[in-house]
$ cat entry-v2.cif   # mmCIF, C-alpha atoms
data_protein
#
loop_
_atom_site.label_atom_id
_atom_site.label_comp_id
_atom_site.auth_asym_id
_atom_site.auth_seq_id
_atom_site.Cartn_x
_atom_site.Cartn_y
_atom_site.Cartn_z
CA MET A 183 47.59 21.38 -77.32
CA ALA A 184 51.11 20.85 -76.06
CA LYS A 185 52.31 17.27 -76.05
CA GLU A 186 52.66 15.64 -72.65
CA SER A 187 56.35 15.00 -73.16
CA THR A 188 57.12 18.66 -73.82
CA LEU A 189 55.50 19.91 -70.63
CA THR A 190 58.05 21.61 -68.44
CA THR A 191 58.09 21.14 -64.70
CA SER A 192 56.68 24.61 -64.28
CA ASP A 193 53.79 23.78 -66.66
CA ARG A 194 53.12 20.64 -64.64
CA MET A 195 53.07 22.64 -61.40
CA GLN A 196 50.66 25.15 -62.92
CA ASP A 197 48.37 22.36 -64.16
CA LEU A 198 48.52 20.84 -60.71
CA LEU A 199 47.42 24.12 -59.17
CA LEU A 200 44.43 24.25 -61.53
CA ASP A 201 43.44 20.62 -61.13
CA SER A 202 43.90 20.08 -57.38
CA PRO A 203 40.62 20.15 -55.48
CA GLY A 204 42.35 21.25 -52.29
CA PHE A 205 45.67 22.27 -50.79
CA PRO A 206 46.68 18.80 -49.49
CA GLU A 207 46.25 17.32 -52.98
CA PHE A 208 48.28 20.16 -54.43
CA LEU A 209 51.11 19.66 -51.94
CA LEU A 210 51.09 15.94 -52.59
CA GLY A 211 51.37 16.59 -56.32
CA LEU A 212 54.34 18.90 -55.72
CA ALA A 213 56.10 16.18 -53.72
CA THR A 214 55.46 13.67 -56.51
CA ILE A 215 56.73 16.03 -59.23
CA SER A 216 59.83 16.66 -57.11
CA ALA A 217 60.52 12.94 -56.77
CA SER A 218 60.05 12.39 -60.51
CA LEU A 219 62.58 15.15 -61.15
CA LEU A 220 65.26 13.04 -59.47
CA GLY A 221 64.79 10.34 -62.04
CA PRO A 222 62.72 7.20 -62.22
CA GLY A 223 63.91 4.04 -60.56
CA ARG A 224 66.14 5.81 -58.08
CA PRO A 225 65.35 5.11 -54.46
CA PHE A 226 64.33 8.60 -53.45
CA SER A 227 61.47 9.88 -51.35
CA CYS A 228 60.50 13.53 -51.46
CA THR A 229 58.39 15.32 -48.91
CA ILE A 230 57.27 18.89 -48.48
CA THR A 231 57.01 20.27 -44.97
CA MET A 232 55.15 23.44 -44.12
CA GLU A 233 54.87 25.22 -40.81
CA ARG A 234 52.87 28.25 -39.83
CA ASP A 235 54.16 30.27 -36.89
CA GLY A 236 53.42 28.11 -33.91
CA GLY A 237 50.71 26.37 -35.91
CA PRO A 238 50.40 22.79 -37.06
CA ALA A 239 52.61 21.45 -39.80
CA THR A 240 51.53 20.09 -43.13
CA VAL A 241 53.45 17.21 -44.61
CA ALA A 242 53.02 15.80 -48.08
CA SER A 243 55.08 12.86 -49.22
CA SER A 244 55.72 11.07 -52.49
CA SER A 245 55.81 7.80 -50.52
CA GLU A 246 54.63 6.28 -47.28
CA GLU A 247 58.26 5.95 -46.18
CA GLY A 248 58.83 9.69 -46.61
CA ARG A 249 55.77 10.47 -44.53
CA ARG A 250 57.05 8.28 -41.68
CA LEU A 251 60.48 9.90 -41.86
CA ASP A 252 59.00 13.38 -41.59
CA GLU A 253 56.64 12.43 -38.82
CA THR A 254 59.50 10.90 -36.86
CA GLN A 255 61.20 14.29 -36.94
CA TYR A 256 58.12 15.83 -35.42
CA ALA A 257 58.21 13.20 -32.72
CA PHE A 258 61.77 14.32 -31.88
CA ASN A 259 60.83 17.94 -32.70
CA ASP A 260 64.18 18.16 -34.47
CA GLY A 261 65.91 16.90 -37.58
CA PRO A 262 67.39 18.05 -40.89
CA CYS A 263 64.03 18.97 -42.48
CA LEU A 264 62.78 20.88 -39.46
CA THR A 265 66.10 22.75 -39.36
CA ALA A 266 65.72 23.61 -43.06
CA VAL A 267 62.15 24.79 -42.51
CA ARG A 268 62.71 26.77 -39.33
CA GLN A 269 66.06 28.31 -40.22
CA GLN A 270 65.45 28.47 -43.97
CA GLN A 271 68.83 26.94 -44.64
CA LEU A 272 69.93 24.17 -46.92
CA VAL A 273 70.76 21.02 -44.94
CA ARG A 274 72.76 18.21 -46.45
CA VAL A 275 73.45 14.93 -44.67
CA PRO A 276 75.78 12.90 -46.93
CA ASP A 277 75.89 9.92 -44.58
CA LEU A 278 73.39 9.48 -41.79
CA THR A 279 75.52 6.86 -40.02
CA SER A 280 78.44 9.24 -39.48
CA ASP A 281 76.60 12.52 -38.88
CA GLU A 282 76.75 13.94 -35.37
CA ARG A 283 73.79 16.29 -35.71
CA TRP A 284 70.26 15.20 -34.75
CA SER A 285 71.73 11.85 -33.64
CA ASP A 286 68.51 10.44 -32.14
CA TYR A 287 66.46 11.15 -35.21
CA LEU A 288 69.18 10.00 -37.60
CA LYS A 289 69.46 6.65 -35.81
CA ALA A 290 65.74 6.17 -36.27
CA ALA A 291 66.02 7.09 -39.96
CA VAL A 292 68.92 4.68 -40.49
CA ARG A 293 66.71 1.93 -39.07
CA GLU A 294 64.24 2.84 -41.84
CA GLY A 295 67.01 2.28 -44.41
CA VAL A 296 67.84 5.90 -45.18
CA ARG A 297 71.51 6.71 -45.75
CA SER A 298 71.55 10.29 -47.04
CA ALA A 299 69.22 13.26 -46.96
CA LEU A 300 68.86 16.75 -48.33
CA ALA A 301 66.49 19.52 -47.24
CA VAL A 302 66.09 22.71 -49.28
CA PRO A 303 64.12 25.71 -48.00
CA ILE A 304 61.30 26.98 -50.23
CA ALA A 305 60.77 30.72 -49.96
CA VAL A 306 57.13 31.58 -49.18
CA ASP A 307 55.51 34.50 -47.41
CA LEU A 308 55.69 34.59 -43.62
CA PRO A 309 54.23 33.34 -41.33
CA VAL A 310 54.48 30.20 -43.47
CA ARG A 311 57.76 28.38 -43.84
CA ALA A 312 58.35 25.46 -46.16
CA SER A 313 61.03 23.05 -47.30
CA LEU A 314 61.54 20.28 -49.80
CA ASN A 315 63.11 17.18 -48.28
CA CYS A 316 64.64 14.24 -50.09
CA TYR A 317 65.76 10.93 -48.67
CA ALA A 318 67.90 8.29 -50.37
CA HIS A 319 68.85 4.71 -49.54
CA THR A 320 72.49 5.18 -50.49
CA ALA A 321 75.15 7.35 -48.86
CA GLY A 322 76.25 10.41 -50.80
CA ALA A 323 73.25 10.33 -53.13
CA PHE A 324 73.11 14.11 -53.32
CA ASN A 325 76.03 15.36 -55.37
CA GLU A 326 76.63 18.99 -56.38
CA GLU A 327 74.57 18.55 -59.51
CA THR A 328 71.55 17.15 -57.65
CA VAL A 329 71.78 19.85 -55.00
CA GLU A 330 71.81 22.53 -57.69
CA LEU A 331 68.85 20.93 -59.48
CA LEU A 332 66.83 20.79 -56.28
CA GLU A 333 67.71 24.35 -55.35
CA GLN A 334 66.46 25.54 -58.73
CA HIS A 335 63.37 23.43 -58.33
CA ALA A 336 62.69 24.89 -54.87
CA ALA A 337 63.01 28.38 -56.36
CA SER A 338 60.42 27.63 -59.04
CA MET A 339 58.14 25.96 -56.51
CA SER A 340 58.26 29.11 -54.41
CA ARG A 341 56.10 31.05 -56.88
CA VAL A 342 53.47 28.39 -57.39
CA LEU A 343 53.31 27.60 -53.67
CA ARG A 344 52.75 31.27 -52.84
CA ILE A 345 49.85 31.33 -55.28
CA ALA A 346 48.45 28.10 -53.86
CA LEU A 347 48.59 29.53 -50.34
CA ARG A 348 46.62 32.52 -51.51
CA LEU A 349 44.17 30.35 -53.39
CA HIS A 350 43.53 28.03 -50.48
CA GLY A 351 44.21 30.44 -47.65
CA ALA A 352 42.19 33.39 -46.46
CA GLU A 353 41.84 34.84 -49.91
CA VAL A 354 39.78 37.97 -50.41
CA TYR A 355 38.93 37.34 -54.06
CA PRO A 356 39.16 33.58 -54.56
CA GLN A 357 36.99 33.57 -57.70
CA HIS A 358 39.13 36.27 -59.32
CA LEU A 359 42.27 34.39 -58.42
CA ARG A 360 40.93 31.19 -59.91
CA ALA A 361 39.92 33.02 -63.08
CA ALA A 362 43.32 34.69 -63.25
CA LEU A 363 45.08 31.34 -62.90
CA LYS A 364 43.08 29.80 -65.72
CA SER A 365 43.67 32.81 -67.91
CA ARG A 366 47.37 32.83 -67.10
CA ALA A 367 47.75 29.18 -68.06
CA VAL A 368 46.20 29.86 -71.47
CA VAL A 369 48.19 33.07 -72.01
CA ASP A 370 51.44 31.30 -71.12
CA ALA A 371 50.67 28.49 -73.54
CA ALA A 372 49.88 31.00 -76.31
CA VAL A 373 53.04 32.99 -75.53
CA SER A 374 55.10 29.80 -75.88
CA LEU A 375 53.55 29.08 -79.27
CA ILE A 376 54.03 32.65 -80.52
CA MET A 377 57.66 32.63 -79.35
CA LEU A 378 58.27 29.42 -81.26
CA GLN A 379 56.57 30.73 -84.37
CA HIS A 380 58.42 34.05 -84.35
CA ARG A 381 61.67 32.89 -82.74
CA GLY A 382 61.00 35.85 -80.49
CA GLY A 383 61.01 36.79 -76.84
CA ARG A 384 58.25 36.74 -74.25
CA ASN A 385 57.65 40.49 -74.29
CA GLY A 386 57.27 40.50 -78.05
CA ALA A 387 54.79 37.63 -77.83
CA LEU A 388 52.76 39.43 -75.17
CA GLU A 389 52.75 42.52 -77.35
CA ILE A 390 51.42 40.49 -80.30
CA LEU A 391 48.65 39.12 -78.10
CA ARG A 392 47.77 42.53 -76.75
CA LEU A 393 47.69 44.21 -80.16
CA ALA A 394 45.58 41.40 -81.59
CA ALA A 395 43.13 41.85 -78.72
CA THR A 396 43.03 45.64 -79.11
CA SER A 397 42.53 45.56 -82.87
CA SER A 398 39.72 43.00 -82.70
CA ASN A 399 38.18 44.49 -79.54
CA ARG A 400 38.44 41.21 -77.66
CA ARG A 401 40.12 40.11 -74.46
CA ILE A 402 43.74 38.97 -74.36
CA SER A 403 42.71 35.63 -72.84
CA GLU A 404 40.24 35.05 -75.72
CA ILE A 405 42.93 35.66 -78.32
CA ALA A 406 45.29 33.40 -76.36
CA SER A 407 42.66 30.67 -76.23
CA ASP A 408 42.21 30.93 -80.03
CA ILE A 409 45.94 30.56 -80.55
CA VAL A 410 46.17 27.55 -78.26
CA ARG A 411 43.29 25.95 -80.19
CA GLY A 412 45.25 26.46 -83.40
CA VAL A 413 43.59 29.56 -84.84
CA ARG A 414 46.19 31.56 -86.71
CA LEU A 415 46.40 35.28 -86.18
CA PRO A 416 45.82 37.42 -89.27
CA ALA A 417 49.21 38.42 -90.65
CA HIS A 418 48.80 42.15 -90.07
CA GLN A 419 48.07 41.52 -86.40
CA ALA A 420 50.91 39.09 -85.99
CA ASP A 421 53.28 41.69 -87.42
CA GLY A 422 52.16 44.13 -84.80
CA ALA A 423 50.68 46.57 -87.30
CA MET B 557 38.79 50.62 -76.80
CA PHE B 558 40.38 52.81 -74.14
CA PRO B 559 37.37 54.16 -72.32
CA TYR B 560 39.41 56.26 -69.91
CA GLU B 561 41.57 57.72 -72.60
CA ALA B 562 40.08 61.16 -72.95
CA GLY B 563 41.94 64.20 -74.17
CA GLY B 564 45.18 62.24 -74.33
CA SER B 565 47.92 62.72 -76.85
CA GLY B 566 46.12 60.43 -79.27
CA GLN B 567 49.28 58.36 -79.44
CA PRO B 568 48.39 55.05 -77.78
CA ASP B 569 51.87 53.62 -78.13
CA GLY B 570 53.66 56.39 -76.27
CA SER B 571 54.92 54.69 -73.14
CA ALA B 572 55.10 57.92 -71.12
CA HIS B 573 51.47 58.59 -71.95
CA HIS B 574 50.48 55.14 -70.77
CA SER B 575 52.56 55.29 -67.63
CA LYS B 576 50.93 58.51 -66.53
CA GLY B 577 47.56 57.32 -67.80
CA ALA B 578 47.69 54.01 -65.97
CA ALA B 579 48.33 55.58 -62.55
CA GLN B 580 45.59 58.13 -63.09
CA ARG B 581 43.13 55.55 -64.38
CA PHE B 582 43.87 53.32 -61.41
CA ARG B 583 43.01 56.12 -58.99
CA GLU B 584 39.84 56.99 -60.88
CA ALA B 585 38.65 53.40 -61.16
CA GLN B 586 38.86 52.87 -57.36
CA LEU B 587 40.01 49.38 -58.05
CA PRO B 588 41.55 47.26 -55.27
CA LEU B 589 45.25 46.80 -56.06
CA GLU B 590 44.99 43.09 -55.39
CA LYS B 591 42.25 42.65 -57.99
CA LEU B 592 44.18 44.58 -60.61
CA TRP B 593 47.32 42.58 -59.92
CA MET B 594 45.45 39.30 -60.25
CA TYR B 595 43.90 40.29 -63.55
CA TYR B 596 47.23 41.60 -64.83
CA TYR B 597 48.90 38.36 -63.76
CA GLY B 598 46.17 36.48 -65.64
CA ILE B 599 47.00 38.14 -68.93
CA GLY B 600 50.71 37.39 -68.61
CA GLY B 601 52.00 40.17 -66.32
CA ASP B 602 55.37 39.59 -64.73
CA ILE B 603 55.94 42.17 -62.02
CA ASP B 604 54.94 41.52 -58.43
CA GLU B 605 52.16 43.26 -56.54
CA MET B 606 54.46 45.53 -54.56
CA SER B 607 56.20 46.76 -57.71
CA LEU B 608 52.81 47.33 -59.33
CA ASP B 609 51.83 49.43 -56.33
CA ALA B 610 55.04 51.44 -56.60
CA PHE B 611 54.53 51.94 -60.34
CA LEU B 612 50.98 53.17 -59.80
CA HIS B 613 52.33 55.72 -57.34
CA ASP B 614 54.92 56.91 -59.84
CA ALA B 615 57.66 55.52 -57.61
CA LEU B 616 59.00 52.87 -59.99
CA ASP B 617 59.79 52.62 -63.68
CA ILE B 618 58.86 49.30 -65.23
CA PRO B 619 59.41 47.89 -68.74
CA ALA B 620 57.13 49.34 -71.42
CA ALA B 621 55.63 45.92 -72.17
CA GLN B 622 54.45 45.65 -68.55
CA VAL B 623 52.98 49.16 -68.67
CA GLU B 624 50.97 48.09 -71.71
CA LEU B 625 49.71 44.99 -69.94
CA ILE B 626 48.62 46.99 -66.90
CA SER B 627 46.74 49.34 -69.20
CA ALA B 628 45.17 46.41 -71.00
CA ALA B 629 44.16 44.86 -67.66
CA MET B 630 42.38 48.04 -66.58
CA THR B 631 40.66 48.35 -69.95
CA GLU B 632 39.45 44.75 -69.87
CA MET B 633 38.35 45.02 -66.24
CA ALA B 634 36.35 48.15 -67.04
CA GLU B 635 34.50 46.17 -69.71
CA GLY B 636 33.35 43.38 -67.43
CA ASP B 637 34.46 41.15 -64.64
CA ALA B 638 35.98 37.79 -65.43
CA PRO B 639 39.10 37.53 -67.59
#
$ encode --input "entry-v2.cif" --output "structure tokens"
Amino acid sequence: MAKESTLTTSDRMQDLLLDSPGFPEFLLGLATISASLLGPGRPFSCTITMERDGGPATVASSSEEGRRLDETQYAFNDGPCLTAVRQQQLVRVPDLTSDERWSDYLKAAVREGVRSALAVPIAVDLPVRASLNCYAHTAGAFNEETVELLEQHAASMSRVLRIALRLHGAEVYPQHLRAALKSRAVVDAAVSLIMLQHRGGRNGALEILRLAATSSNRRISEIASDIVRGVRLPAHQADGA
Amino acid sequence: MFPYEAGGSGQPDGSAHHSKGAAQRFREAQLPLEKLWMYYYGIGGDIDEMSLDAFLHDALDIPAAQVELISAAMTEMAEGDAP
């Protein structure tokens, strides 16, 4: 199996999807992964806010402080995160003490010790809207590099969040979706191993898996599971013959 | 191994054959698109459900590797349910 340290963020998000008993736990895990992305020991809180059209909001926070900050915005029904969610726009507040926007909310946040904030929209399917929000105790904590990192992270969260919404929403085939997710996790792991072994691309690795399945009359996910467990493919299959 | 492959060219690696075959097999199997997409996603598929729909209606060309995966998904689904 892959070593813990080599797990990518996207692997961690996929594992989270498989392991979470429910949507709130999943969202909480996403917030925690997001906070860990910003580096350990830095005074950041990350929250994820979700709104359905006119419906109630869901908030998950990597810390109690983050939860309070988000809930305060709901009390004011306005704030940087709600703007990011509702308008699907990136909102950056370099210094809360000198920002003119959302002044009531920002004053309340400053009292909580927050000095800068960033909210990045996460693209999901309507009528759901979501954003990733980060708070820091220092002014100007979100430089270009951090903004770029979080934008990329929001883009990769978009996919996994869409799947989670299907999985936990009004899904027509929940058992098929769950099976597909498990299978996908194994296939992706096998593809990574094959790519490493062959110094090849993803399509080539998928082709190797598919041909191995066809020639042995087994399912792709079974072959993938063998590979992940360390079973080597016979050479003629691995060569795509 | 390809239960729907009857009277084909006998050339399983021809991408044109598979492309035509996949759309036809999909119609014959009366499979919900959503189920096929999920299974295809499960075995490593990369195109989204709308593009899959377009492909199955001959309205979109997709990479050969994806065509093969869609074919494989239908074959495996015809053999039994869970991936």
$ closest_atom_pairs --input "entry-v2.cif" --of "chain A" --to "chain B" --cutoff "9 Å" --atoms "only C-alpha atoms" --output "tab-separated table"
residue	atom	partner	partner_atom	distance
A:Val354	CA	B:Glu590	CA	8.8
A:Tyr355	CA	B:Lys591	CA	7.4
A:Gln357	CA	B:Ala638	CA	8.9
A:His358	CA	B:Ala638	CA	7.0
A:Leu359	CA	B:Met594	CA	6.1
A:Ala361	CA	B:Pro639	CA	6.4
A:Ala362	CA	B:Gly598	CA	4.1
A:Leu363	CA	B:Gly598	CA	5.9
A:Lys364	CA	B:Gly598	CA	7.4
A:Ser365	CA	B:Gly598	CA	5.0
A:Arg366	CA	B:Gly598	CA	4.1
A:Ala367	CA	B:Gly598	CA	7.9
A:Val368	CA	B:Ile599	CA	8.7
A:Val369	CA	B:Gly600	CA	6.0
A:Asp370	CA	B:Gly600	CA	6.6
A:Val373	CA	B:Gly600	CA	8.5
A:Asn385	CA	B:Ala621	CA	6.2
A:Gly386	CA	B:Ala621	CA	8.2
A:Leu388	CA	B:Gly600	CA	7.2
A:Glu389	CA	B:Ala621	CA	6.8
A:Arg392	CA	B:Ala628	CA	7.4
A:Thr396	CA	B:Met557	CA	6.9
A:Ser397	CA	B:Met557	CA	8.7
A:Asn399	CA	B:Met557	CA	6.7
A:Arg400	CA	B:Glu632	CA	8.6
A:Arg401	CA	B:Glu632	CA	6.6
A:Ile402	CA	B:Ile599	CA	6.4
A:Ser403	CA	B:Ile599	CA	6.3
A:Glu404	CA	B:Pro639	CA	8.6
A:Ala406	CA	B:Ile599	CA	9.0
$ atom_distance --input "entry-v2.cif" --atom1 "CA of Glu233 in chain A" --atom2 "CA of Gln270 in chain A"
11.5 Å
$ atom_distance --input "entry-v2.cif" --atom1 "CA of Ala299 in chain A" --atom2 "CA of Met195 in chain A"
23.6 Å
$ resolve_selection --input "entry-v2.cif" --expression "the PyMOL selection byres ((chain A and resi 341) around 12)" --output "PyMOL selection string"
(chain A and resi 192+195-196+199+304-307+334-340+342-348) or (chain B and resi 602+604)
$ atom_distance --input "entry-v2.cif" --atom1 "CA of Val296 in chain A" --atom2 "CA of Thr279 in chain A"
9.3 Å
$ resolve_selection --input "entry-v2.cif" --expression "the PyMOL selection byres ((chain A and resi 298) around 7)" --output "ChimeraX atom specification"
/A:275-278,296-297,299,317-323
$ resolve_selection --input "entry-v2.cif" --expression "the PyMOL selection byres ((chain B and resi 608) around 10)" --output "MDAnalysis selection string"
chainID B and resid 579 589:590 592:593 596 602:607 609:618 622:623 626
$ decode --input "entry-v2.cif" --residues "range 568-627 of chain B" --atoms "C-alpha atoms" --output "compact mmCIF listing (two decimals), in the first residue's frame"
# COMPACT_ATOMS: atom_id res chain seq x y z
CA PRO B 568 -11.23 -5.51 -31.28
CA ASP B 569 -8.63 -2.77 -31.25
CA GLY B 570 -10.11 -0.73 -34.07
CA SER B 571 -11.27 2.44 -32.38
CA ALA B 572 -13.89 3.24 -35.03
CA HIS B 573 -15.38 -0.20 -34.53
CA HIS B 574 -15.59 0.35 -30.80
CA SER B 575 -16.98 3.84 -31.08
CA LYS B 576 -19.83 2.68 -33.25
CA GLY B 577 -20.19 -0.49 -31.22
CA ALA B 578 -20.37 1.29 -27.89
CA ALA B 579 -23.23 3.60 -28.92
CA GLN B 580 -25.16 0.70 -30.40
CA ARG B 581 -24.53 -1.55 -27.41
CA PHE B 582 -25.65 1.22 -25.07
CA ARG B 583 -28.97 1.53 -26.89
CA GLU B 584 -29.48 -2.22 -26.93
CA ALA B 585 -28.61 -2.69 -23.27
CA GLN B 586 -31.24 -0.14 -22.15
CA LEU B 587 -28.86 0.95 -19.47
CA PRO B 588 -29.45 4.19 -17.56
CA LEU B 589 -26.73 6.66 -18.58
CA GLU B 590 -26.06 7.51 -14.96
CA LYS B 591 -25.33 3.88 -14.07
CA LEU B 592 -22.99 3.46 -17.01
CA TRP B 593 -21.16 6.66 -16.15
CA MET B 594 -20.71 5.58 -12.54
CA TYR B 595 -19.33 2.20 -13.52
CA TYR B 596 -17.06 3.78 -16.12
CA TYR B 597 -15.86 6.29 -13.53
CA GLY B 598 -15.17 3.36 -11.20
CA ILE B 599 -12.78 1.71 -13.62
CA GLY B 600 -10.82 4.92 -14.18
CA GLY B 601 -12.89 6.82 -16.75
CA ASP B 602 -12.15 10.51 -17.11
CA ILE B 603 -14.87 12.15 -19.17
CA ASP B 604 -17.93 13.66 -17.57
CA GLU B 605 -21.47 12.34 -17.83
CA MET B 606 -22.61 14.94 -20.36
CA SER B 607 -19.70 14.16 -22.69
CA LEU B 608 -20.43 10.45 -22.32
CA ASP B 609 -24.01 11.14 -23.35
CA ALA B 610 -22.83 13.13 -26.37
CA PHE B 611 -20.39 10.38 -27.34
CA LEU B 612 -23.11 7.73 -27.12
CA HIS B 613 -25.21 9.83 -29.48
CA ASP B 614 -22.34 10.12 -31.95
CA ALA B 615 -22.13 13.84 -31.21
CA LEU B 616 -18.65 13.89 -29.70
CA ASP B 617 -15.29 12.31 -30.43
CA ILE B 618 -13.40 11.23 -27.34
CA PRO B 619 -9.89 9.77 -26.89
CA ALA B 620 -9.53 6.12 -27.92
CA ALA B 621 -8.52 5.09 -24.39
CA GLN B 622 -11.84 6.43 -23.06
CA VAL B 623 -13.77 4.61 -25.79
CA GLU B 624 -12.09 1.38 -24.67
CA LEU B 625 -13.02 2.02 -21.05
CA ILE B 626 -16.65 2.67 -21.94
CA SER B 627 -16.70 -0.59 -23.87
